[in-house]
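Have a look at query.txt; it's compact mmCIF, C-alpha atoms:
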```
# COMPACT_ATOMS: atom_id res chain seq x y z
CA MET A 570 -34.94 -160.69 331.19
CA THR A 571 -32.70 -159.89 334.14
CA GLN A 572 -32.18 -162.10 337.12
CA GLU A 573 -32.34 -160.36 340.48
CA LEU A 574 -30.21 -161.64 343.30
CA GLY A 575 -31.75 -162.05 346.73
CA VAL A 576 -30.19 -160.25 349.69
CA ASP A 577 -28.66 -163.53 350.89
CA ALA A 578 -26.98 -164.14 347.53
CA ILE A 579 -25.72 -160.54 347.39
CA ILE A 580 -24.12 -160.88 350.84
CA ARG A 581 -22.40 -164.12 349.84
CA LEU A 582 -21.16 -162.54 346.61
CA ARG A 583 -19.83 -159.51 348.51
CA ILE A 584 -17.96 -161.74 350.98
CA ARG A 585 -16.33 -163.77 348.20
CA THR A 586 -15.55 -160.71 346.05
CA LEU A 587 -14.02 -158.73 348.92
CA ARG A 588 -11.93 -161.74 349.94
CA GLN A 589 -10.68 -162.22 346.39
CA ALA A 590 -10.01 -158.50 345.91
CA ARG A 591 -7.68 -158.64 348.89
CA GLY A 592 -5.94 -161.67 347.44
CA TRP A 593 -6.92 -163.80 350.43
CA SER A 594 -7.52 -167.52 350.34
CA LEU A 595 -10.47 -169.12 352.12
CA GLU A 596 -8.02 -170.07 354.85
CA ALA A 597 -6.74 -166.50 355.29
CA LEU A 598 -10.23 -165.01 355.70
CA ALA A 599 -11.45 -167.90 357.86
CA THR A 600 -8.51 -167.36 360.22
CA ARG A 601 -9.11 -163.59 360.40
CA ALA A 602 -12.84 -164.13 361.07
CA GLY A 603 -12.39 -166.99 363.55
CA LEU A 604 -14.25 -169.47 361.32
CA THR A 605 -13.29 -172.83 359.93
CA ILE A 606 -12.39 -173.04 356.23
CA SER A 607 -15.28 -175.44 355.74
CA THR A 608 -17.79 -173.04 357.33
CA LEU A 609 -16.56 -170.11 355.23
CA SER A 610 -16.67 -172.19 352.05
CA ARG A 611 -20.26 -173.28 352.76
CA ILE A 612 -21.24 -169.65 353.54
CA GLU A 613 -19.78 -168.41 350.23
CA THR A 614 -21.42 -171.18 348.20
CA GLY A 615 -24.82 -170.89 349.86
CA ASN A 616 -24.69 -174.31 351.50
CA ARG A 617 -24.94 -172.81 354.99
CA ARG A 618 -27.07 -170.08 356.49
CA ILE A 619 -25.10 -167.10 357.74
CA ALA A 620 -25.47 -166.35 361.43
CA VAL A 621 -25.40 -162.73 362.62
CA ASP A 622 -22.24 -163.30 364.69
CA GLN A 623 -20.54 -164.76 361.61
CA LEU A 624 -21.57 -161.74 359.52
CA LEU A 625 -20.14 -159.38 362.12
CA ALA A 626 -16.86 -161.33 362.27
CA LEU A 627 -16.63 -161.41 358.46
CA ALA A 628 -17.35 -157.67 358.17
CA ARG A 629 -14.57 -156.87 360.65
CA ALA A 630 -12.14 -159.26 358.97
CA LEU A 631 -12.93 -157.76 355.55
CA GLU A 632 -12.47 -154.23 356.95
CA THR A 633 -16.00 -153.15 356.09
CA THR A 634 -19.17 -152.53 358.08
CA LEU A 635 -22.11 -154.79 358.67
CA ASP A 636 -24.31 -152.17 356.97
CA GLU A 637 -22.19 -152.20 353.81
CA LEU A 638 -22.03 -155.98 353.75
CA THR A 639 -25.79 -156.43 354.16
CA ALA A 640 -27.15 -153.37 352.30
CA PRO A 641 -29.87 -154.31 349.80
CA GLU A 642 -29.02 -153.99 346.14
CA ASP A 643 -29.37 -150.39 345.01
CA ALA A 644 -32.62 -150.08 343.12
CA GLY A 645 -31.91 -146.50 342.07
CA GLU A 646 -31.36 -145.30 338.56
CA ILE A 647 -28.15 -146.38 336.90
CA ILE A 648 -28.43 -143.94 334.02
CA ILE A 649 -28.39 -140.29 335.04
CA ARG A 650 -30.37 -137.96 332.81
CA PRO A 651 -29.09 -134.52 333.78
CA GLN A 652 -31.23 -131.50 333.08
CA PRO A 653 -29.46 -128.28 332.09
CA VAL A 654 -29.75 -125.34 334.47
CA ALA A 655 -28.83 -122.06 332.81
CA VAL A 656 -27.88 -118.70 334.27
CA PRO A 657 -26.32 -115.89 332.21
CA GLY A 658 -22.93 -117.10 330.96
CA MET A 659 -23.14 -120.60 332.40
CA THR A 660 -25.06 -123.86 332.00
CA THR A 661 -24.69 -126.71 334.49
CA TRP A 662 -25.64 -130.37 334.43
CA LEU A 663 -25.65 -132.18 337.78
CA LEU A 664 -24.21 -135.65 337.09
CA SER A 665 -24.60 -137.13 340.58
CA ASP A 666 -27.48 -137.49 342.97
CA ALA A 667 -27.85 -136.72 346.67
CA LYS A 668 -26.65 -140.25 347.54
CA ALA A 669 -23.34 -139.84 345.71
CA LEU A 670 -20.18 -141.21 347.27
CA ASN A 671 -19.43 -139.28 350.47
CA GLY A 672 -21.92 -136.59 349.42
CA VAL A 673 -19.72 -135.15 346.68
CA SER A 674 -21.32 -133.61 343.65
CA VAL A 675 -20.16 -134.05 340.08
CA THR A 676 -21.22 -131.30 337.70
CA LYS A 677 -20.50 -130.50 334.06
CA ILE A 678 -20.33 -126.74 333.53
CA ARG A 679 -20.25 -124.85 330.23
CA PHE A 680 -19.08 -121.22 330.35
CA ASP A 681 -20.14 -118.86 327.56
CA PRO A 682 -18.25 -115.57 327.98
CA ARG A 683 -20.36 -113.83 325.30
CA GLU A 684 -23.19 -113.63 327.84
CA VAL A 685 -21.04 -112.12 330.62
CA LYS A 686 -19.76 -108.55 330.34
CA GLN A 687 -17.75 -108.27 333.57
CA GLU A 688 -15.25 -110.22 335.65
CA PRO A 689 -17.00 -112.55 338.08
CA GLU A 690 -16.89 -111.56 341.71
CA LEU A 691 -14.46 -113.45 343.94
CA ARG A 692 -16.32 -115.58 346.45
CA VAL A 693 -15.55 -117.86 349.36
CA HIS A 694 -17.43 -120.73 350.91
CA PRO A 695 -16.54 -123.79 352.97
CA GLY A 696 -15.30 -126.81 351.07
CA LYS A 697 -12.92 -128.07 348.45
CA GLU A 698 -13.29 -128.13 344.69
CA TRP A 699 -11.59 -130.03 341.89
CA PHE A 700 -12.19 -129.63 338.18
CA THR A 701 -10.77 -130.77 334.89
CA VAL A 702 -11.07 -128.74 331.72
CA LEU A 703 -12.87 -130.66 328.99
CA LEU A 704 -12.94 -127.96 326.30
CA GLY A 705 -11.34 -124.54 325.87
CA GLU A 706 -9.36 -122.73 328.55
CA ILE A 707 -10.34 -121.71 332.07
CA LYS A 708 -9.14 -118.65 333.97
CA LEU A 709 -9.02 -119.49 337.69
CA ARG A 710 -8.54 -116.60 340.09
CA LEU A 711 -7.40 -117.52 343.60
CA GLY A 712 -6.99 -114.30 345.56
CA ASP A 713 -4.36 -112.24 343.70
CA ARG A 714 -3.11 -115.20 341.65
CA VAL A 715 -4.43 -116.07 338.18
CA PHE A 716 -4.06 -119.50 336.59
CA HIS A 717 -4.84 -120.41 332.98
CA ILE A 718 -5.85 -124.06 332.69
CA PRO A 719 -6.15 -125.54 329.18
CA ALA A 720 -8.19 -128.58 328.12
CA GLY A 721 -6.80 -131.79 329.54
CA GLN A 722 -5.48 -130.23 332.75
CA ALA A 723 -7.05 -130.03 336.19
CA ALA A 724 -7.04 -127.83 339.29
CA GLN A 725 -7.95 -128.31 342.94
CA PHE A 726 -8.26 -125.72 345.69
CA GLU A 727 -9.70 -124.84 349.08
CA THR A 728 -12.83 -122.78 348.47
CA MET A 729 -12.21 -120.56 351.51
CA THR A 730 -9.62 -118.89 349.23
CA PRO A 731 -11.40 -116.07 347.37
CA HIS A 732 -11.93 -117.52 343.90
CA SER A 733 -13.64 -117.25 340.55
CA ILE A 734 -13.79 -119.53 337.52
CA GLN A 735 -14.47 -118.30 333.99
CA ALA A 736 -13.80 -119.14 330.37
CA HIS A 737 -10.80 -117.53 328.71
CA GLY A 738 -10.69 -116.80 324.98
CA GLY A 739 -14.04 -118.41 324.13
CA SER A 740 -16.43 -121.02 325.47
CA ALA A 741 -15.12 -123.65 327.86
CA GLU A 742 -16.40 -126.73 329.66
CA ILE A 743 -15.29 -128.33 332.90
CA LEU A 744 -16.16 -131.38 334.95
CA SER A 745 -16.30 -130.25 338.58
CA ILE A 746 -16.27 -132.29 341.79
CA MET A 747 -17.18 -130.57 345.05
CA ASP A 748 -17.33 -131.87 348.58
CA PRO A 749 -20.67 -131.57 350.46
CA ALA A 750 -19.91 -128.06 351.77
CA GLY A 751 -19.11 -126.79 348.27
CA ARG A 752 -22.19 -128.49 346.90
CA ARG A 753 -24.41 -126.73 349.46
CA ALA A 754 -22.84 -123.34 348.67
CA HIS A 755 -23.43 -123.77 344.94
CA SER A 756 -26.95 -125.14 345.48
CA ASP A 757 -27.80 -121.90 347.30
CA ASP A 758 -26.80 -120.02 344.13
CA GLY A 759 -29.19 -122.07 342.02
CA LEU A 760 -26.33 -123.64 340.06
CA GLU A 761 -27.47 -127.16 340.95
CA SER A 762 -30.93 -128.56 341.19
```
Could you write out this structure as structure tokens?
Amino acid sequence: MTQELGVDAIIRLRIRTLRQARGWSLEALATRAGLTISTLSRIETGNRRIAVDQLLALARALETTLDELTAPEDAGEIIIRPQPVAVPGMTTWLLSDAKALNGVSVTKIRFDPREVKQEPELRVHPGKEWFTVLLGEIKLRLGDRVFHIPAGQAAQFETMTPHSIQAHGGSAEILSIMDPAGRRAHSDDGLES
């Protein structure tokens, strides 16, 4: 049986945890927020109700927003169960959801060169992409330049540079992270669901 924390308890825990993560004493945070040490201590322990003006002062002092400090506990799925999406020569698994941090997408991609008979076309789209090679070797074309990236290494590039990614010398797998613009461009291709 799991115990769920109420919103009030979550806010108090966030205040204490953020304070401790910064290495601040009760006194240090109280001074920054314009509160007494006693008031802050009672807020953190649940012995005092938190007023809205105190929340705002604490959020500013902790360098966060009121929304982040008071957001309800995420009730979304913790375990992601990605479904494979296959196109000739490539299978993708989207490992993040639409609410991912800053809208980035994390995707595992397996390239199978046996199913592709020609060099992929160079393409451009807004955004940035980063990937690390999990298995095999990747051939990354950026304009006229060609890079061979073996397992254990990574690459990052601006996607407005004409580019293509493919396996070299057999099957390969990568873990790719794209910013929101890159995610939209690849979603239009049907590579992400």
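Going from atom CA of A:Leu744 to atom CA of A:Asp713 covers 24.1 Å.
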Residues near stretch 592-602 of chain A, anyone? I mean within 9 Å using all atoms listed in the file, not counting same-chain ones fewer than 6 positions away, as a short mmCIF file (atom, residue, chain, number, x, y, z; two decimals) with C-alpha atoms, keeping the file's coordinate frame.
```cif
data_model
loop_
_atom_site.label_atom_id
_atom_site.label_comp_id
_atom_site.auth_asym_id
_atom_site.auth_seq_id
_atom_site.Cartn_x
_atom_site.Cartn_y
_atom_site.Cartn_z
CA ARG A 585 -16.33 -163.77 348.20
CA THR A 608 -17.79 -173.04 357.33
CA LEU A 609 -16.56 -170.11 355.23
CA SER A 610 -16.67 -172.19 352.05
CA GLN A 623 -20.54 -164.76 361.61
CA LEU A 625 -20.14 -159.38 362.12
CA ALA A 626 -16.86 -161.33 362.27
CA LEU A 627 -16.63 -161.41 358.46
CA ALA A 628 -17.35 -157.67 358.17
CA ARG A 629 -14.57 -156.87 360.65
CA ALA A 630 -12.14 -159.26 358.97
CA LEU A 631 -12.93 -157.76 355.55
#
```
Problem set entry | Distance query stretch 648-652 of chain A at most 8 Å, only C-alpha atoms, self and fewer than 6 positions along chain excluded, as a PyMOL selection string | chain A and resi 662-665
For this session: Tell me which of A:Thr586, A:Gln735, A:Thr633, A:Thr605 sits closest to A:Lys686, counting only C-alpha atoms.
Result: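 So, comparing all the options, the nearest one is A:Gln735.
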Exercise. A:Leu635, A:Ile579, A:Ala741, A:Met747: which is nearest A:Arg679, counting only C-alpha atoms?
Worked result: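 Of all the options, A:Ala741 lies closest to A:Arg679.
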Need to verify the contact set: A:Ala736, 10 Å, only C-alpha atoms, exclusion of same-chain residues closer than 5 positions in sequence. Can you return it as a short mmCIF file (atom, residue, chain, number, x, y, z; two decimals) with C-alpha atoms, in the frame of the given file?
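Now in selection.cif:
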```cif
data_model
loop_
_atom_site.label_atom_id
_atom_site.label_comp_id
_atom_site.auth_asym_id
_atom_site.auth_seq_id
_atom_site.Cartn_x
_atom_site.Cartn_y
_atom_site.Cartn_z
CA GLY A 658 -22.93 -117.10 330.96
CA MET A 659 -23.14 -120.60 332.40
CA ARG A 679 -20.25 -124.85 330.23
CA PHE A 680 -19.08 -121.22 330.35
CA ASP A 681 -20.14 -118.86 327.56
CA PRO A 682 -18.25 -115.57 327.98
CA ARG A 683 -20.36 -113.83 325.30
CA LEU A 704 -12.94 -127.96 326.30
CA GLY A 705 -11.34 -124.54 325.87
CA GLU A 706 -9.36 -122.73 328.55
CA ILE A 707 -10.34 -121.71 332.07
CA LYS A 708 -9.14 -118.65 333.97
CA LEU A 709 -9.02 -119.49 337.69
CA HIS A 717 -4.84 -120.41 332.98
CA ILE A 718 -5.85 -124.06 332.69
CA ALA A 741 -15.12 -123.65 327.86
CA GLU A 742 -16.40 -126.73 329.66
CA ILE A 743 -15.29 -128.33 332.90
#
```
Exercise. From the set A:Glu632, A:Glu684, A:Glu642, A:Asp577, which residue has the shortest atom-to-atom contact distance to A:Gly615, counting all atoms listed in the file?
Worked result: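 So, comparing all the options, the nearest one is A:Asp577.
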For this session: Just give me the gap between atom CA of A:Val693 and atom CA of A:Ile734 in Å, one decimal is fine.
Result: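 Pair atom CA of A:Val693 / atom CA of A:Ile734 returns 12.1 Å.
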Exercise. Between atom CA of A:Asp748 and atom CA of A:Phe716, what is the spacing in Å?
Worked result: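 Here the two named atoms are 21.7 Å from each other.
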Put the listed atoms of stretch 578-593 of chain A in a box along x, y and z with 8 Å added on every side and give me the centre and edge lengths in Å to one decimal, as AutoDock Vina command-line options.
```
--center_x -16.5 --center_y -161.3 --center_z 348.4 --size_x 37.0 --size_y 21.6 --size_z 21.1
```
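Among the candidates A:Pro749, A:Glu637, A:Gly603, A:Gln725, the residue lying nearest to A:Ser674 is A:Pro749 (atoms considered: all atoms listed in the file).
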For this session: Give the answer as one residue: which of A:Pro689, A:Pro719, A:Thr614, A:Val673 has the shortest atom-to-atom distance to A:Gly738, using only C-alpha atoms?
Result: A:Pro719
Exercise. A:Val715, A:Val654, A:Leu587, A:Val621: which is nearest A:His737, counting only C-alpha atoms?
Worked result: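 Smallest distance to A:His737 is found for A:Val715.
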For this session: Tell me, as an MDAnalysis selection string, which residues lie within 7 Å of A:Ala723, counting only C-alpha atoms; anything in the same chain fewer than 4 positions away does not count.
Result: chainID A and resid 700:702
Can you take the partial stretch 682-696 of chain A, add N, CA and C atoms, and return it as a PDB file, keeping the file's coordinate frame?
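Below you can see selection04.pdb, which holds the result:
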```
ATOM      1  N   PRO A 682     -18.624-116.932 327.599  1.00  0.00           N
ATOM      2  CA  PRO A 682     -18.250-115.570 327.980  1.00  0.00           C
ATOM      3  C   PRO A 682     -18.986-114.484 327.185  1.00  0.00           C
ATOM      4  N   ARG A 683     -19.619-114.840 326.074  1.00  0.00           N
ATOM      5  CA  ARG A 683     -20.360-113.830 325.300  1.00  0.00           C
ATOM      6  C   ARG A 683     -21.540-113.281 326.097  1.00  0.00           C
ATOM      7  N   GLU A 684     -22.032-114.056 327.062  1.00  0.00           N
ATOM      8  CA  GLU A 684     -23.190-113.630 327.840  1.00  0.00           C
ATOM      9  C   GLU A 684     -22.808-112.887 329.119  1.00  0.00           C
ATOM     10  N   VAL A 685     -21.502-112.779 329.402  1.00  0.00           N
ATOM     11  CA  VAL A 685     -21.040-112.120 330.620  1.00  0.00           C
ATOM     12  C   VAL A 685     -20.164-110.944 330.238  1.00  0.00           C
ATOM     13  N   LYS A 686     -20.485-109.759 330.735  1.00  0.00           N
ATOM     14  CA  LYS A 686     -19.760-108.550 330.340  1.00  0.00           C
ATOM     15  C   LYS A 686     -18.738-108.097 331.372  1.00  0.00           C
ATOM     16  N   GLN A 687     -18.678-108.720 332.535  1.00  0.00           N
ATOM     17  CA  GLN A 687     -17.750-108.270 333.570  1.00  0.00           C
ATOM     18  C   GLN A 687     -17.075-109.468 334.233  1.00  0.00           C
ATOM     19  N   GLU A 688     -15.966-109.178 334.898  1.00  0.00           N
ATOM     20  CA  GLU A 688     -15.250-110.220 335.650  1.00  0.00           C
ATOM     21  C   GLU A 688     -16.167-110.728 336.760  1.00  0.00           C
ATOM     22  N   PRO A 689     -16.184-112.050 336.974  1.00  0.00           N
ATOM     23  CA  PRO A 689     -17.000-112.550 338.080  1.00  0.00           C
ATOM     24  C   PRO A 689     -16.408-112.117 339.424  1.00  0.00           C
ATOM     25  N   GLU A 690     -17.286-111.965 340.365  1.00  0.00           N
ATOM     26  CA  GLU A 690     -16.890-111.560 341.710  1.00  0.00           C
ATOM     27  C   GLU A 690     -16.179-112.730 342.408  1.00  0.00           C
ATOM     28  N   LEU A 691     -15.116-112.418 343.142  1.00  0.00           N
ATOM     29  CA  LEU A 691     -14.460-113.450 343.940  1.00  0.00           C
ATOM     30  C   LEU A 691     -15.391-113.835 345.082  1.00  0.00           C
ATOM     31  N   ARG A 692     -15.440-115.106 345.368  1.00  0.00           N
ATOM     32  CA  ARG A 692     -16.320-115.580 346.450  1.00  0.00           C
ATOM     33  C   ARG A 692     -15.591-116.614 347.277  1.00  0.00           C
ATOM     34  N   VAL A 693     -16.077-116.826 348.462  1.00  0.00           N
ATOM     35  CA  VAL A 693     -15.550-117.860 349.360  1.00  0.00           C
ATOM     36  C   VAL A 693     -16.722-118.648 349.919  1.00  0.00           C
ATOM     37  N   HIS A 694     -16.460-119.887 350.221  1.00  0.00           N
ATOM     38  CA  HIS A 694     -17.430-120.730 350.910  1.00  0.00           C
ATOM     39  C   HIS A 694     -16.681-121.932 351.443  1.00  0.00           C
ATOM     40  N   PRO A 695     -17.220-122.605 352.448  1.00  0.00           N
ATOM     41  CA  PRO A 695     -16.540-123.790 352.970  1.00  0.00           C
ATOM     42  C   PRO A 695     -16.440-124.858 351.889  1.00  0.00           C
ATOM     43  N   GLY A 696     -15.388-125.652 351.954  1.00  0.00           N
ATOM     44  CA  GLY A 696     -15.300-126.810 351.070  1.00  0.00           C
ATOM     45  C   GLY A 696     -14.036-126.864 350.255  1.00  0.00           C
TER      46      GLY A 696
END
```
